[in-house]
file structure28.cif (mmCIF, C-alpha atoms)
data_coords
loop_
_atom_site.label_atom_id
_atom_site.label_comp_id
_atom_site.auth_asym_id
_atom_site.auth_seq_id
_atom_site.Cartn_x
_atom_site.Cartn_y
_atom_site.Cartn_z
CA MET A 15 4.10 -22.18 5.12
CA ARG A 16 1.78 -23.93 2.68
CA LEU A 17 -0.91 -26.21 4.11
CA ALA A 18 -1.44 -29.36 2.04
CA VAL A 19 -5.08 -29.48 3.13
CA LEU A 20 -5.75 -26.41 0.95
CA ASN A 21 -5.30 -28.62 -2.11
CA SER A 22 -8.07 -31.04 -1.10
CA GLY A 23 -11.34 -31.21 0.75
CA HIS A 24 -13.15 -28.62 -1.35
CA THR A 25 -16.72 -28.95 -2.59
CA LEU A 26 -17.47 -29.67 -6.22
CA GLY A 27 -18.52 -26.03 -6.73
CA THR A 28 -15.24 -24.75 -5.31
CA LYS A 29 -13.26 -27.18 -7.46
CA ALA A 30 -15.16 -25.85 -10.49
CA LEU A 31 -14.27 -22.29 -9.45
CA PHE A 32 -10.58 -23.23 -9.20
CA ALA A 33 -10.75 -24.84 -12.65
CA LEU A 34 -12.37 -21.70 -14.08
CA ILE A 35 -9.64 -19.53 -12.55
CA ARG A 36 -7.01 -21.78 -14.15
CA VAL A 37 -8.69 -21.67 -17.58
CA VAL A 38 -9.27 -17.92 -17.58
CA SER A 39 -5.96 -16.81 -16.03
CA GLY A 40 -3.67 -19.64 -17.07
CA HIS A 41 -2.58 -20.00 -13.43
CA ARG A 42 -3.75 -22.09 -10.51
CA ALA A 43 -6.01 -20.44 -7.93
CA PRO A 44 -3.93 -18.34 -5.52
CA ASP A 45 -3.41 -19.76 -2.04
CA VAL A 46 -5.39 -16.89 -0.52
CA VAL A 47 -8.44 -17.93 -2.58
CA LYS A 48 -7.97 -21.55 -1.49
CA THR A 49 -7.76 -20.42 2.14
CA LEU A 50 -10.89 -18.29 1.91
CA LYS A 51 -12.82 -21.16 0.30
CA TYR A 52 -11.52 -23.97 2.55
CA ARG A 53 -13.54 -23.06 5.64
CA GLY A 54 -15.75 -20.29 4.37
CA GLU A 55 -18.03 -20.15 7.39
CA TYR A 56 -15.11 -19.92 9.80
CA TRP A 57 -12.55 -17.84 7.93
CA GLY A 58 -13.60 -17.02 4.38
CA THR A 59 -16.83 -15.10 4.85
CA PRO A 60 -15.66 -12.89 7.76
CA MET A 61 -12.34 -12.13 6.06
CA SER A 62 -13.96 -11.45 2.69
CA GLU A 63 -16.33 -8.99 4.34
CA LEU A 64 -13.41 -7.31 6.10
CA PHE A 65 -11.38 -7.11 2.87
CA GLN A 66 -14.30 -5.52 1.04
CA GLU A 67 -14.81 -2.94 3.77
CA VAL A 68 -11.10 -2.07 3.89
CA MET A 69 -10.63 -1.95 0.13
CA ARG A 70 -13.97 -0.47 -0.94
CA GLY A 71 -15.44 1.24 2.12
CA PRO A 72 -15.22 4.91 3.04
CA SER A 73 -11.64 6.18 3.21
CA GLU A 74 -9.48 9.20 2.56
CA TRP A 75 -7.55 6.96 0.13
CA SER A 76 -8.96 6.16 -3.29
CA ILE A 77 -9.63 2.54 -4.23
CA ALA A 78 -6.67 2.71 -6.61
CA GLU A 79 -4.37 3.92 -3.82
CA ARG A 80 -5.52 1.10 -1.56
CA GLU A 81 -4.99 -1.48 -4.33
CA LEU A 82 -1.52 -0.09 -5.00
CA MET A 83 -0.62 -0.28 -1.30
CA ALA A 84 -1.91 -3.88 -1.12
CA ALA A 85 0.18 -4.80 -4.17
CA TYR A 86 3.26 -3.15 -2.68
CA VAL A 87 2.87 -4.92 0.68
CA SER A 88 2.32 -8.27 -1.06
CA LYS A 89 5.42 -7.78 -3.18
CA THR A 90 7.47 -6.71 -0.17
CA ASN A 91 6.32 -9.83 1.69
CA GLU A 92 7.05 -11.96 -1.39
CA CYS A 93 3.42 -13.07 -1.57
CA GLU A 94 1.36 -13.83 -4.65
CA PHE A 95 -0.98 -10.98 -5.42
#
call {"tool": "encode", "arguments": {"input": "structure28.cif", "output": "structure tokens"}}
result
Amino acid sequence: MRLAVLNSGHTLGTKALFALIRVVSGHRAPDVVKTLKYRGEYWGTPMSELFQEVMRGPSEWSIAERELMAAYVSKTNECEF
């Protein structure tokens, strides 16, 4: 389900970030980035911190193995990665 609100209501700085992503990658900002930036204080900051801990924190899995697993799960769930 895509929330229309994720396409509006962003600050000027966030809009500039989305434009930079589009220029550099040739694609629009992924929905997950829009979600994290929409209500950063409520959702974005806590989730970003959690993602960093899971993907970069201490683990028996290497960072590459964790990235590969994340890519596989995203593909399996038919999500943009």
call {"tool": "resolve_selection", "arguments": {"input": "structure28.cif", "expression": "the PyMOL selection byres ((chain A and resi 22) around 12)", "output": "list in words"}}
result
Leu17, Ala18, Val19, Leu20, Asn21, Gly23, His24, Thr25, Leu26, Thr28, Lys29, Phe32, Lys48, Thr49, Lys51, Tyr52 and Arg53 of chain A
call {"tool": "closest_residue", "arguments": {"input": "structure28.cif", "among": "A:Ser88, A:Val47, A:Met61, A:Glu74", "to": "Ile35 in chain A", "atoms": "all atoms listed in the file"}}
result
A:Val47
call {"tool": "atom_distance", "arguments": {"input": "structure28.cif", "atom1": "CA of Ala43 in chain A", "atom2": "CA of Glu79 in chain A"}}
result
24.8 Å
